[in-house]
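The next block is input_9.pdb, given as PDB, C-alpha atoms.
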MODEL        1
ATOM      1  CA  MET A   1     154.165 199.293 -43.164
ATOM      2  CA  TYR A   2     152.357 202.373 -44.433
ATOM      3  CA  VAL A   3     154.863 204.644 -42.675
ATOM      4  CA  TRP A   4     157.650 202.756 -44.393
ATOM      5  CA  ILE A   5     156.031 203.205 -47.817
ATOM      6  CA  TRP A   6     155.444 206.895 -47.180
ATOM      7  CA  ARG A   7     159.103 207.397 -46.208
ATOM      8  CA  HIS A   8     160.375 205.656 -49.307
ATOM      9  CA  LEU A   9     158.253 207.543 -51.805
ATOM     10  CA  PRO A  10     160.202 210.214 -53.683
ATOM     11  CA  GLY A  11     159.139 213.841 -53.931
ATOM     12  CA  ASN A  12     157.444 216.362 -51.674
ATOM     13  CA  VAL A  13     154.180 215.833 -49.827
ATOM     14  CA  ALA A  14     151.938 216.737 -52.784
ATOM     15  CA  VAL A  15     153.785 214.395 -55.140
ATOM     16  CA  ARG A  16     153.691 211.624 -52.541
ATOM     17  CA  MET A  17     149.931 212.053 -52.177
ATOM     18  CA  VAL A  18     149.525 211.480 -55.914
ATOM     19  CA  GLU A  19     151.847 208.480 -55.780
ATOM     20  CA  ILE A  20     149.882 206.989 -52.879
ATOM     21  CA  LEU A  21     146.675 207.436 -54.854
ATOM     22  CA  ILE A  22     148.164 205.679 -57.880
ATOM     23  CA  LEU A  23     149.443 202.833 -55.705
ATOM     24  CA  LEU A  24     146.027 202.508 -54.096
ATOM     25  CA  LEU A  25     144.232 202.360 -57.444
ATOM     26  CA  ALA A  26     146.735 199.804 -58.702
ATOM     27  CA  VAL A  27     146.079 197.574 -55.689
ATOM     28  CA  VAL A  28     142.287 197.918 -56.070
ATOM     29  CA  ALA A  29     142.526 197.117 -59.793
ATOM     30  CA  LEU A  30     144.666 194.074 -59.028
ATOM     31  CA  LEU A  31     142.085 192.882 -56.508
ATOM     32  CA  PHE A  32     139.047 193.570 -58.733
ATOM     33  CA  PHE A  33     140.342 192.203 -62.005
ATOM     34  CA  VAL A  34     142.787 189.480 -61.039
ATOM     35  CA  ILE A  35     142.602 188.262 -57.456
ATOM     36  CA  PHE A  36     138.847 188.351 -56.753
ATOM     37  CA  PRO A  37     137.795 186.726 -60.056
ATOM     38  CA  TRP A  38     140.349 184.012 -59.361
ATOM     39  CA  ILE A  39     139.290 183.414 -55.759
ATOM     40  CA  GLU A  40     135.552 183.690 -56.266
ATOM     41  CA  PRO A  41     134.736 180.318 -57.890
ATOM     42  CA  HIS A  42     136.338 178.618 -54.880
ATOM     43  CA  LEU A  43     134.026 180.325 -52.414
ATOM     44  CA  PRO A  44     130.650 178.811 -51.600
ATOM     45  CA  ILE A  45     128.656 181.985 -52.142
ATOM     46  CA  SER A  46     127.443 182.147 -55.708
ATOM     47  CA  GLN A  47     126.097 178.696 -56.495
ATOM     48  CA  VAL A  48     122.532 178.722 -57.723
ATOM     49  CA  THR A  49     122.057 175.337 -59.359
ATOM     50  CA  VAL A  50     120.947 171.916 -58.203
ATOM     51  CA  PRO A  51     122.381 168.752 -59.744
ATOM     52  CA  GLU A  52     120.682 167.671 -62.933
ATOM     53  CA  HIS A  53     119.446 164.115 -63.217
ATOM     54  CA  LYS A  54     120.990 162.587 -66.312
TER      55      LYS A  54
ATOM     56  CA  MET B  55     151.984 211.575 -31.166
ATOM     57  CA  VAL B  56     154.540 208.893 -31.811
ATOM     58  CA  ASP B  57     153.361 208.653 -35.427
ATOM     59  CA  THR B  58     153.764 212.343 -36.191
ATOM     60  CA  VAL B  59     157.247 212.389 -34.753
ATOM     61  CA  GLU B  60     158.272 209.401 -36.857
ATOM     62  CA  GLU B  61     156.787 210.725 -40.065
ATOM     63  CA  ALA B  62     158.386 214.108 -39.584
ATOM     64  CA  SER B  63     161.913 212.662 -39.442
ATOM     65  CA  PRO B  64     162.827 211.491 -42.940
ATOM     66  CA  GLU B  65     166.300 210.103 -42.157
ATOM     67  CA  PRO B  66     165.820 206.354 -41.815
ATOM     68  CA  ALA B  67     166.449 204.720 -38.482
ATOM     69  CA  SER B  68     168.979 207.043 -37.022
ATOM     70  CA  ALA B  69     167.425 206.167 -33.686
ATOM     71  CA  PRO B  70     170.115 205.231 -31.210
ATOM     72  CA  HIS B  71     168.606 202.446 -29.161
ATOM     73  CA  LYS B  72     165.188 200.923 -29.510
ATOM     74  CA  THR B  73     163.678 200.279 -26.152
ATOM     75  CA  TRP B  74     161.481 197.292 -25.339
ATOM     76  CA  GLY B  75     158.481 199.618 -25.456
ATOM     77  CA  ASP B  76     159.397 200.714 -28.992
ATOM     78  CA  TRP B  77     159.313 197.120 -30.207
ATOM     79  CA  VAL B  78     155.972 196.449 -28.560
ATOM     80  CA  ARG B  79     154.572 199.596 -30.195
ATOM     81  CA  PHE B  80     156.088 198.573 -33.527
ATOM     82  CA  ALA B  81     154.555 195.087 -33.352
ATOM     83  CA  LEU B  82     151.149 196.314 -32.237
ATOM     84  CA  ARG B  83     151.044 198.942 -34.961
ATOM     85  CA  GLY B  84     152.000 196.312 -37.525
ATOM     86  CA  ILE B  85     149.242 193.945 -36.374
ATOM     87  CA  GLY B  86     146.754 196.794 -36.338
ATOM     88  CA  GLN B  87     147.600 197.847 -39.862
ATOM     89  CA  VAL B  88     147.367 194.287 -41.164
ATOM     90  CA  LEU B  89     143.945 193.835 -39.566
ATOM     91  CA  ILE B  90     142.621 197.130 -40.922
ATOM     92  CA  THR B  91     143.987 196.261 -44.364
ATOM     93  CA  ALA B  92     142.350 192.836 -44.249
ATOM     94  CA  GLY B  93     139.056 194.461 -43.286
ATOM     95  CA  VAL B  94     139.261 196.879 -46.199
ATOM     96  CA  VAL B  95     140.064 194.002 -48.585
ATOM     97  CA  VAL B  96     136.988 192.088 -47.382
ATOM     98  CA  LEU B  97     134.841 195.189 -47.872
ATOM     99  CA  LEU B  98     136.289 195.595 -51.354
ATOM    100  CA  PHE B  99     135.346 191.976 -52.064
ATOM    101  CA  VAL B 100     131.744 192.766 -51.150
ATOM    102  CA  VAL B 101     131.861 195.776 -53.476
ATOM    103  CA  TYR B 102     133.256 193.503 -56.172
ATOM    104  CA  GLU B 103     130.571 190.844 -55.677
ATOM    105  CA  VAL B 104     127.663 193.243 -55.551
ATOM    106  CA  TYR B 105     128.705 195.886 -58.103
ATOM    107  CA  VAL B 106     131.701 194.921 -60.240
ATOM    108  CA  THR B 107     130.372 191.480 -61.221
ATOM    109  CA  ASN B 108     127.056 193.135 -62.113
ATOM    110  CA  TYR B 109     128.820 195.505 -64.437
ATOM    111  CA  PHE B 110     130.469 192.645 -66.368
ATOM    112  CA  ALA B 111     127.334 190.493 -66.310
ATOM    113  CA  HIS B 112     125.127 193.279 -67.643
ATOM    114  CA  ALA B 113     127.592 193.895 -70.461
ATOM    115  CA  ALA B 114     127.566 190.173 -71.348
ATOM    116  CA  GLN B 115     123.767 189.982 -71.036
ATOM    117  CA  SER B 116     123.125 192.945 -73.299
ATOM    118  CA  LYS B 117     125.328 191.320 -75.931
ATOM    119  CA  VAL B 118     123.346 188.062 -75.700
ATOM    120  CA  LYS B 119     120.071 190.008 -75.751
ATOM    121  CA  HIS B 120     121.095 191.921 -78.814
ATOM    122  CA  GLU B 121     122.140 188.765 -80.685
ATOM    123  CA  LEU B 122     118.976 186.881 -79.712
ATOM    124  CA  LEU B 123     116.730 189.752 -80.738
ATOM    125  CA  LYS B 124     118.530 189.903 -84.063
ATOM    126  CA  GLU B 125     117.925 186.179 -84.573
ATOM    127  CA  PHE B 126     114.248 186.570 -83.722
ATOM    128  CA  VAL B 127     113.866 189.486 -86.110
ATOM    129  CA  GLU B 128     115.474 187.377 -88.831
ATOM    130  CA  ARG B 129     113.037 184.557 -87.958
ATOM    131  CA  LYS B 130     115.874 182.290 -86.862
ATOM    132  CA  ASP B 131     114.976 180.144 -83.877
ATOM    133  CA  PRO B 132     118.059 179.027 -81.927
ATOM    134  CA  LEU B 133     115.961 176.138 -80.564
ATOM    135  CA  ARG B 134     115.163 174.778 -83.981
ATOM    136  CA  GLY B 135     116.940 171.487 -84.595
ATOM    137  CA  THR B 136     119.724 171.935 -87.110
ATOM    138  CA  GLY B 137     118.829 168.789 -89.052
ATOM    139  CA  ASP B 138     115.152 168.760 -89.922
ATOM    140  CA  GLY B 139     114.170 172.354 -89.377
ATOM    141  CA  LYS B 140     111.621 171.413 -86.716
ATOM    142  CA  LEU B 141     111.499 172.178 -83.040
ATOM    143  CA  THR B 142     112.940 169.360 -80.996
ATOM    144  CA  LEU B 143     110.115 167.146 -79.807
ATOM    145  CA  PRO B 144     109.558 166.374 -76.140
ATOM    146  CA  GLY B 145     111.666 163.526 -74.907
ATOM    147  CA  SER B 146     114.004 163.603 -77.862
ATOM    148  CA  LYS B 147     117.698 164.433 -77.745
ATOM    149  CA  THR B 148     119.059 167.678 -76.338
ATOM    150  CA  PRO B 149     119.006 170.393 -78.979
ATOM    151  CA  THR B 150     122.394 171.376 -80.259
ATOM    152  CA  VAL B 151     122.414 174.923 -79.003
ATOM    153  CA  PRO B 152     125.893 176.212 -78.148
ATOM    154  CA  GLU B 153     126.272 176.875 -74.428
ATOM    155  CA  GLY B 154     126.131 180.502 -73.407
ATOM    156  CA  THR B 155     124.028 181.635 -76.361
ATOM    157  CA  GLY B 156     120.530 183.042 -75.943
ATOM    158  CA  ILE B 157     117.490 180.807 -76.432
ATOM    159  CA  ALA B 158     114.491 182.788 -75.139
ATOM    160  CA  PHE B 159     113.452 185.957 -73.334
ATOM    161  CA  LEU B 160     112.092 185.993 -69.796
ATOM    162  CA  TYR B 161     109.645 188.577 -68.424
ATOM    163  CA  ILE B 162     108.073 188.726 -64.969
ATOM    164  CA  PRO B 163     105.451 191.498 -64.600
ATOM    165  CA  ARG B 164     105.671 191.360 -60.790
ATOM    166  CA  LEU B 165     109.313 192.411 -61.011
ATOM    167  CA  GLY B 166     108.582 195.471 -63.146
ATOM    168  CA  GLN B 167     108.095 196.726 -66.689
ATOM    169  CA  ASP B 168     111.800 196.663 -67.438
ATOM    170  CA  TYR B 169     112.428 193.151 -66.149
ATOM    171  CA  ALA B 170     113.594 191.377 -69.292
ATOM    172  CA  TRP B 171     116.363 188.801 -69.532
ATOM    173  CA  ALA B 172     117.733 186.634 -72.293
ATOM    174  CA  ILE B 173     117.917 183.051 -71.040
ATOM    175  CA  VAL B 174     121.145 181.380 -72.156
ATOM    176  CA  GLN B 175     121.762 177.710 -72.812
ATOM    177  CA  GLY B 176     123.634 175.936 -69.985
ATOM    178  CA  THR B 177     124.164 176.395 -66.267
ATOM    179  CA  ASP B 178     127.968 176.452 -65.963
ATOM    180  CA  ASP B 179     129.552 179.412 -64.171
ATOM    181  CA  ALA B 180     130.489 180.948 -67.520
ATOM    182  CA  ASP B 181     126.906 180.625 -68.803
ATOM    183  CA  LEU B 182     125.296 182.057 -65.668
ATOM    184  CA  GLU B 183     127.566 185.101 -65.803
ATOM    185  CA  LYS B 184     125.690 186.064 -68.965
ATOM    186  CA  GLY B 185     122.194 185.601 -67.608
ATOM    187  CA  PRO B 186     119.745 183.003 -66.337
ATOM    188  CA  GLY B 187     120.693 179.604 -67.738
ATOM    189  CA  HIS B 188     118.598 176.748 -69.082
ATOM    190  CA  TYR B 189     119.403 173.343 -67.557
ATOM    191  CA  ILE B 190     120.482 171.562 -70.726
ATOM    192  CA  GLY B 191     118.761 168.266 -69.957
ATOM    193  CA  SER B 192     115.448 169.852 -69.049
ATOM    194  CA  ALA B 193     112.510 170.520 -71.366
ATOM    195  CA  LEU B 194     112.371 173.490 -73.719
ATOM    196  CA  PRO B 195     109.951 176.393 -73.229
ATOM    197  CA  GLY B 196     106.353 175.271 -73.670
ATOM    198  CA  GLN B 197     107.151 171.566 -73.837
ATOM    199  CA  VAL B 198     105.497 168.895 -71.749
ATOM    200  CA  GLY B 199     107.868 168.296 -68.838
ATOM    201  CA  ASN B 200     109.894 170.771 -66.861
ATOM    202  CA  PHE B 201     111.608 173.788 -68.424
ATOM    203  CA  ALA B 202     114.232 174.575 -65.771
ATOM    204  CA  VAL B 203     116.289 177.747 -65.420
ATOM    205  CA  ALA B 204     118.964 178.765 -62.889
ATOM    206  CA  GLY B 205     119.962 182.340 -62.119
ATOM    207  CA  HIS B 206     122.131 184.376 -59.760
ATOM    208  CA  ARG B 207     120.547 186.052 -56.751
ATOM    209  CA  VAL B 208     123.276 188.497 -55.728
ATOM    210  CA  GLY B 209     125.891 189.833 -58.140
ATOM    211  CA  LYS B 210     126.550 188.544 -61.675
ATOM    212  CA  GLY B 211     123.634 190.604 -62.934
ATOM    213  CA  GLU B 212     121.401 189.156 -60.184
ATOM    214  CA  PRO B 213     118.459 188.204 -62.463
ATOM    215  CA  PHE B 214     116.740 186.296 -59.653
ATOM    216  CA  LEU B 215     117.416 188.789 -56.836
ATOM    217  CA  ASN B 216     113.735 189.407 -56.171
ATOM    218  CA  LEU B 217     112.381 185.984 -57.012
ATOM    219  CA  ASP B 218     111.035 185.831 -53.451
ATOM    220  CA  HIS B 219     108.637 188.690 -54.290
ATOM    221  CA  LEU B 220     106.617 186.420 -56.557
ATOM    222  CA  GLN B 221     103.210 185.252 -55.405
ATOM    223  CA  ALA B 222     101.026 182.313 -56.298
ATOM    224  CA  GLY B 223      99.376 182.864 -59.669
ATOM    225  CA  ASP B 224     101.924 185.419 -60.865
ATOM    226  CA  ALA B 225     102.730 185.377 -64.564
ATOM    227  CA  VAL B 226     106.154 184.281 -65.789
ATOM    228  CA  ILE B 227     106.442 185.001 -69.501
ATOM    229  CA  VAL B 228     108.826 183.234 -71.878
ATOM    230  CA  GLN B 229     109.249 184.470 -75.434
ATOM    231  CA  THR B 230     110.678 182.190 -78.086
ATOM    232  CA  GLU B 231     111.036 182.939 -81.772
ATOM    233  CA  SER B 232     107.597 181.536 -82.600
ATOM    234  CA  LYS B 233     105.596 181.656 -79.338
ATOM    235  CA  TRP B 234     104.861 183.543 -76.154
ATOM    236  CA  PHE B 235     104.345 181.265 -73.168
ATOM    237  CA  VAL B 236     102.599 182.525 -70.057
ATOM    238  CA  TYR B 237     103.340 180.382 -67.018
ATOM    239  CA  ARG B 238     101.541 180.814 -63.695
ATOM    240  CA  VAL B 239     103.338 180.314 -60.381
ATOM    241  CA  LEU B 240     101.828 177.350 -58.524
ATOM    242  CA  GLY B 241     100.366 177.398 -55.047
ATOM    243  CA  ASP B 242      97.102 176.828 -53.280
ATOM    244  CA  ASP B 243      94.575 179.528 -52.469
ATOM    245  CA  GLY B 244      97.103 182.332 -52.827
ATOM    246  CA  ASN B 245      99.724 180.534 -50.739
ATOM    247  CA  ILE B 246     102.830 180.079 -52.874
ATOM    248  CA  ASP B 247     104.402 177.605 -50.426
ATOM    249  CA  ALA B 248     101.402 175.286 -50.421
ATOM    250  CA  PRO B 249     101.203 172.234 -52.692
ATOM    251  CA  ASP B 250      99.024 172.956 -55.707
ATOM    252  CA  PRO B 251      96.174 170.396 -55.735
ATOM    253  CA  ALA B 252      95.534 171.073 -59.416
ATOM    254  CA  VAL B 253      99.115 170.294 -60.463
ATOM    255  CA  GLN B 254     100.202 167.070 -58.782
ATOM    256  CA  ASN B 255     100.624 168.756 -55.395
ATOM    257  CA  ILE B 256     103.723 170.618 -56.493
ATOM    258  CA  PRO B 257     104.226 173.804 -54.441
ATOM    259  CA  GLY B 258     104.825 177.219 -56.024
ATOM    260  CA  ARG B 259     107.948 177.700 -53.974
ATOM    261  CA  GLU B 260     110.208 175.453 -51.961
ATOM    262  CA  ILE B 261     113.504 175.851 -50.160
ATOM    263  CA  VAL B 262     115.634 172.767 -50.715
ATOM    264  CA  SER B 263     119.155 171.545 -50.054
ATOM    265  CA  PRO B 264     121.754 172.314 -52.745
ATOM    266  CA  ALA B 265     121.948 168.599 -53.622
ATOM    267  CA  ASP B 266     118.220 168.167 -54.224
ATOM    268  CA  GLY B 267     117.934 167.518 -57.959
ATOM    269  CA  THR B 268     114.380 166.188 -57.668
ATOM    270  CA  VAL B 269     113.014 169.706 -58.242
ATOM    271  CA  LEU B 270     114.261 169.463 -61.840
ATOM    272  CA  TYR B 271     112.489 166.193 -62.645
ATOM    273  CA  PRO B 272     109.929 166.251 -65.475
ATOM    274  CA  VAL B 273     107.388 165.980 -62.659
ATOM    275  CA  PRO B 274     109.207 167.830 -59.851
ATOM    276  CA  ASP B 275     109.420 166.134 -56.448
ATOM    277  CA  HIS B 276     108.003 162.905 -57.899
ATOM    278  CA  SER B 277     109.633 159.777 -59.302
ATOM    279  CA  PRO B 278     111.969 160.537 -62.232
ATOM    280  CA  ALA B 279     110.273 157.693 -64.081
ATOM    281  CA  LEU B 280     106.865 159.349 -63.935
ATOM    282  CA  THR B 281     105.700 160.432 -67.393
ATOM    283  CA  PRO B 282     104.969 164.153 -67.373
ATOM    284  CA  THR B 283     101.613 165.459 -68.541
ATOM    285  CA  GLU B 284     101.927 169.103 -67.502
ATOM    286  CA  ARG B 285     104.019 171.828 -69.100
ATOM    287  CA  LEU B 286     105.984 173.150 -66.141
ATOM    288  CA  MET B 287     108.684 175.704 -65.556
ATOM    289  CA  THR B 288     111.150 175.705 -62.654
ATOM    290  CA  MET B 289     113.529 178.441 -61.519
ATOM    291  CA  THR B 290     116.382 177.887 -59.070
ATOM    292  CA  THR B 291     118.577 180.377 -57.233
ATOM    293  CA  CYS B 292     120.534 180.541 -53.986
ATOM    294  CA  HIS B 293     118.929 181.066 -50.604
ATOM    295  CA  PRO B 294     119.247 182.963 -48.350
ATOM    296  CA  LYS B 295     120.831 185.869 -50.200
ATOM    297  CA  PHE B 296     124.656 185.945 -50.160
ATOM    298  CA  THR B 297     124.893 182.259 -49.219
ATOM    299  CA  ALA B 298     124.793 178.904 -50.898
ATOM    300  CA  SER B 299     123.401 176.938 -47.989
ATOM    301  CA  HIS B 300     120.050 176.298 -49.676
ATOM    302  CA  ARG B 301     118.288 176.752 -52.995
ATOM    303  CA  MET B 302     115.065 178.623 -53.552
ATOM    304  CA  VAL B 303     112.989 176.893 -56.198
ATOM    305  CA  LEU B 304     109.884 178.216 -57.935
ATOM    306  CA  HIS B 305     107.496 176.111 -59.983
ATOM    307  CA  ALA B 306     104.997 177.396 -62.535
ATOM    308  CA  VAL B 307     102.610 175.776 -64.981
ATOM    309  CA  LEU B 308     101.885 176.838 -68.541
ATOM    310  CA  ALA B 309      98.576 178.714 -68.627
ATOM    311  CA  LYS B 310      98.437 180.344 -72.057
ATOM    312  CA  THR B 311     100.327 180.260 -75.326
ATOM    313  CA  TYR B 312     100.223 182.994 -77.947
ATOM    314  CA  PRO B 313     101.742 182.853 -81.419
ATOM    315  CA  ALA B 314     104.449 185.435 -82.016
ATOM    316  CA  SER B 315     104.037 187.983 -84.740
ATOM    317  CA  GLY B 316     107.359 189.682 -85.092
ATOM    318  CA  VAL B 317     109.057 190.482 -81.797
ATOM    319  CA  THR B 318     106.416 192.763 -80.272
ATOM    320  CA  MET B 319     104.623 191.594 -77.162
ATOM    321  CA  PRO B 320     101.072 190.404 -77.977
ATOM    322  CA  ALA B 321      98.342 192.570 -76.479
ATOM    323  CA  PRO B 322      97.004 189.922 -74.063
ATOM    324  CA  VAL B 323     100.535 189.456 -72.703
ATOM    325  CA  LYS B 324     100.981 193.215 -72.367
ATOM    326  CA  ASN B 325      97.732 193.367 -70.398
ATOM    327  CA  LEU B 326      99.244 191.107 -67.755
ATOM    328  CA  TYR B 327     101.365 194.049 -66.662
ATOM    329  CA  SER B 328      98.461 196.369 -65.893
ATOM    330  CA  SER B 329      96.627 193.646 -63.974
ATOM    331  CA  GLN B 330      99.613 192.601 -61.920
ATOM    332  CA  GLU B 331     101.696 195.688 -61.247
ATOM    333  CA  SER B 332     100.836 197.213 -57.932
TER     334      SER B 332
ENDMDL
END

For this file, produce the structure as C-alpha cells.
Amino acid sequence: MYVWIWRHLPGNVAVRMVEILILLLAVVALLFFVIFPWIEPHLPISQVTVPEHK
Amino acid sequence: MVDTVEEASPEPASAPHKTWGDWVRFALRGIGQVLITAGVVVLLFVVYEVYVTNYFAHAAQSKVKHELLKEFVERKDPLRGTGDGKLTLPGSKTPTVPEGTGIAFLYIPRLGQDYAWAIVQGTDDADLEKGPGHYIGSALPGQVGNFAVAGHRVGKGEPFLNLDHLQAGDAVIVQTESKWFVYRVLGDDGNIDAPDPAVQNIPGREIVSPADGTVLYPVPDHSPALTPTERLMTMTTCHPKFTASHRMVLHAVLAKTYPASGVTMPAPVKNLYSSQES
C-alpha cells in the first residue's frame, strides 16, 4: 500500500518526501477534526454523569 | 531486501511471472501494513482524547469564564430569576439559565492555587465540553438540598482529573455573584470513604454504578421523598480513569458562607489555601 503510494507520487525523492508529509498531515487532520469527534460520542469512555431523578 | 529492490524499480509491474512466494509475501506485507496503520490510528485517538479535546475544552472554558466574570463585575447574577429579581428559592422551579452558560466559579485548594473553573448549566455532552456542569434539576449553590455537578476526568479539559486526591474535610469553594460558599468534603475521622455520622451517614466519596442516580437525591443515598435539611454538594466523574464502568462521587456539606464584595476572594477564603496546600 505504502509502496504503491510512493511509486505513484510525482517528482524526485525530495519532492516525494514533502508530498508524503502533506498527505500524512492531511490524514491526521481528517482523523482529529472529523472522524474522531464523530466516533467519540459512541464510545463508552467519556461519560461522567449519573441519571437525574426527575 | 525485497523492499529496496521493489522501490528502486519505478516501472510498474514489469515483472514477468509472480511466483506463489511473491503472492504470500505481498499478502503478508499488506496485512502487516494494515495492522501497523490501525495501531497508529489508535495511538492517535489517545492523543486526540488526552490532548486535542483539552485544547478545545480549555478554549471554550476560558470563554465561559470570561463571560461569567464580566457578569459578576457588572453585578448580574445568572442565577437570579428573570421574573422577580430574586434568587430562586429552594424547591421552586428550575431557574431559566441557558444551558452551557456559566453560573458559578469552582475552586479546590487541594488541587492547587490555579484550580479555578466556571461551572456551566447542564450536563449534556455539549455542556460538559465547556467545563463542569450543574445537574439542572439539582439545588443551586448554597441552597438546602444537593447542588450536583458533573465533570470530565480525562480529556475535555479534565476538570475532575484529580478529584481522587481530595481528603475528608477538604474545602470546595463555590463563588456566585453574591456569595462565597465553602463546602467541606464529608467523611468520618479523616476517612473520606466512611459514612459521616454528622451528616446523615453520607460518605465523602463513593464509587457507584453509572445508573445509580440516588447520589443526586436532595439527601443522597436516602429516599427521594426525604425532605433535605443540609446544604450539600455532590460531584460526579468517571471511574477508573479512561473508562465509564463506574462513577466516582464526592459529597460535601456547606460549612461557611461569606458575602461577596466585588469579585475578589474574601480573606478567610484565601486563608484556606495556606492551611490546606501541602

Give me, as JSON lines, the closest atom pair and its distance (Å, one decimal) for every residue of chain A within a cut-off of 9 Å of chain B, counting all atoms listed in the file, rows sorted by chain and rising number.
{"residue": "A:Met1", "atom": "CA", "partner": "B:Gly84", "partner_atom": "CA", "distance": 6.7}
{"residue": "A:Tyr2", "atom": "CA", "partner": "B:Gln87", "partner_atom": "CA", "distance": 8.0}
{"residue": "A:Val3", "atom": "CA", "partner": "B:Glu61", "partner_atom": "CA", "distance": 6.9}
{"residue": "A:Trp6", "atom": "CA", "partner": "B:Glu61", "partner_atom": "CA", "distance": 8.2}
{"residue": "A:Arg7", "atom": "CA", "partner": "B:Pro64", "partner_atom": "CA", "distance": 6.4}
{"residue": "A:His8", "atom": "CA", "partner": "B:Pro64", "partner_atom": "CA", "distance": 9.0}
{"residue": "A:Val28", "atom": "CA", "partner": "B:Leu98", "partner_atom": "CA", "distance": 8.0}
{"residue": "A:Leu31", "atom": "CA", "partner": "B:Phe99", "partner_atom": "CA", "distance": 8.1}
{"residue": "A:Phe32", "atom": "CA", "partner": "B:Tyr102", "partner_atom": "CA", "distance": 6.3}
{"residue": "A:Phe36", "atom": "CA", "partner": "B:Phe99", "partner_atom": "CA", "distance": 6.9}
{"residue": "A:Pro37", "atom": "CA", "partner": "B:Thr107", "partner_atom": "CA", "distance": 8.9}
{"residue": "A:Glu40", "atom": "CA", "partner": "B:Glu103", "partner_atom": "CA", "distance": 8.7}
{"residue": "A:Pro41", "atom": "CA", "partner": "B:Asp179", "partner_atom": "CA", "distance": 8.2}
{"residue": "A:Pro44", "atom": "CA", "partner": "B:Ala298", "partner_atom": "CA", "distance": 5.9}
{"residue": "A:Ile45", "atom": "CA", "partner": "B:Thr297", "partner_atom": "CA", "distance": 4.8}
{"residue": "A:Ser46", "atom": "CA", "partner": "B:Ala298", "partner_atom": "CA", "distance": 6.4}
{"residue": "A:Gln47", "atom": "CA", "partner": "B:Ala298", "partner_atom": "CA", "distance": 5.8}
{"residue": "A:Val48", "atom": "CA", "partner": "B:Thr291", "partner_atom": "CA", "distance": 4.3}
{"residue": "A:Thr49", "atom": "CA", "partner": "B:Ala204", "partner_atom": "CA", "distance": 5.8}
{"residue": "A:Val50", "atom": "CA", "partner": "B:Gly267", "partner_atom": "CA", "distance": 5.3}
{"residue": "A:Pro51", "atom": "CA", "partner": "B:Gly267", "partner_atom": "CA", "distance": 4.9}
{"residue": "A:Glu52", "atom": "CA", "partner": "B:Gly267", "partner_atom": "CA", "distance": 5.7}
{"residue": "A:His53", "atom": "CA", "partner": "B:Gly267", "partner_atom": "CA", "distance": 6.4}
{"residue": "A:Lys54", "atom": "CA", "partner": "B:Gly191", "partner_atom": "CA", "distance": 7.1}

Output C-alpha atoms for every residue in that selection, as a tab-separated table (two decimals), keeping the file's coordinate frame.
chain	number	residue	atom	x	y	z
A	1	MET	CA	154.16	199.29	-43.16
A	2	TYR	CA	152.36	202.37	-44.43
A	3	VAL	CA	154.86	204.64	-42.68
A	6	TRP	CA	155.44	206.90	-47.18
A	7	ARG	CA	159.10	207.40	-46.21
A	8	HIS	CA	160.38	205.66	-49.31
A	28	VAL	CA	142.29	197.92	-56.07
A	31	LEU	CA	142.08	192.88	-56.51
A	32	PHE	CA	139.05	193.57	-58.73
A	36	PHE	CA	138.85	188.35	-56.75
A	37	PRO	CA	137.79	186.73	-60.06
A	40	GLU	CA	135.55	183.69	-56.27
A	41	PRO	CA	134.74	180.32	-57.89
A	44	PRO	CA	130.65	178.81	-51.60
A	45	ILE	CA	128.66	181.98	-52.14
A	46	SER	CA	127.44	182.15	-55.71
A	47	GLN	CA	126.10	178.70	-56.50
A	48	VAL	CA	122.53	178.72	-57.72
A	49	THR	CA	122.06	175.34	-59.36
A	50	VAL	CA	120.95	171.92	-58.20
A	51	PRO	CA	122.38	168.75	-59.74
A	52	GLU	CA	120.68	167.67	-62.93
A	53	HIS	CA	119.45	164.12	-63.22
A	54	LYS	CA	120.99	162.59	-66.31

Practice task
For atom CA of Pro163 of chain B and atom CA of Asn325 of chain B, determine how far apart the two atoms are, in Å to one decimal place.
Solution key: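 Here the two named atoms are 9.8 Å from each other.
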
Exercise for the section: Just the residues within 12 Å of segment 22-26 of chain A, please, counting only C-alpha atoms, with nothing from its chain fewer than 2 positions along; format it as an MDAnalysis selection string. Expected result: (chainID A and resid 2 5:6 9 15:20 28:34) or (chainID B and resid 91 94:95)

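Minimum distance to Ile227 of chain B across B:Gly316, B:Pro152, B:Pro322, B:Gly185 (counting only C-alpha atoms) occurs at B:Pro322.
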
Problem - Selection result of the PyMOL selection byres ((chain B and resi 244) around 8) on this file, as a PyMOL selection string - result: chain B and resi 221-223+241-243+245-246

Handout entry: Explicit residues for the PyMOL selection byres ((chain B and resi 156-161) around 8) (as a list in words)
Key = Val118, Lys119, Glu121, Leu122, Asp131, Pro132, Leu133, Gly154, Thr155, Ile162, Pro163, Tyr169, Ala170, Trp171, Ala172, Ile173, Val174, Gln175, Val226, Ile227, Val228, Gln229, Thr230 and Glu231 of chain B

Handout entry: Evaluate the PyMOL selection byres ((chain B and resi 326) around 12) and report residues as number ranges by chain
Key = B: 161-164, 166-167, 223-227, 236-238, 310, 319-325, 327-332

Incomplete segment 29-34 of chain A filled out to N, CA and C atoms as a PDB file, in the frame of the given file:
ATOM      1  N   ALA A  29     142.696 197.720 -58.459  1.00  0.00           N
ATOM      2  CA  ALA A  29     142.526 197.117 -59.793  1.00  0.00           C
ATOM      3  C   ALA A  29     143.005 195.673 -59.781  1.00  0.00           C
ATOM      4  N   LEU A  30     144.129 195.433 -59.122  1.00  0.00           N
ATOM      5  CA  LEU A  30     144.666 194.074 -59.028  1.00  0.00           C
ATOM      6  C   LEU A  30     143.660 193.158 -58.323  1.00  0.00           C
ATOM      7  N   LEU A  31     143.077 193.666 -57.242  1.00  0.00           N
ATOM      8  CA  LEU A  31     142.085 192.882 -56.508  1.00  0.00           C
ATOM      9  C   LEU A  31     140.849 192.622 -57.370  1.00  0.00           C
ATOM     10  N   PHE A  32     140.310 193.672 -57.988  1.00  0.00           N
ATOM     11  CA  PHE A  32     139.047 193.570 -58.733  1.00  0.00           C
ATOM     12  C   PHE A  32     139.162 192.708 -59.989  1.00  0.00           C
ATOM     13  N   PHE A  33     140.284 192.827 -60.678  1.00  0.00           N
ATOM     14  CA  PHE A  33     140.342 192.203 -62.005  1.00  0.00           C
ATOM     15  C   PHE A  33     141.168 190.927 -62.053  1.00  0.00           C
ATOM     16  N   VAL A  34     141.961 190.683 -61.015  1.00  0.00           N
ATOM     17  CA  VAL A  34     142.787 189.480 -61.039  1.00  0.00           C
ATOM     18  C   VAL A  34     142.480 188.577 -59.838  1.00  0.00           C
TER      19      VAL A  34
END
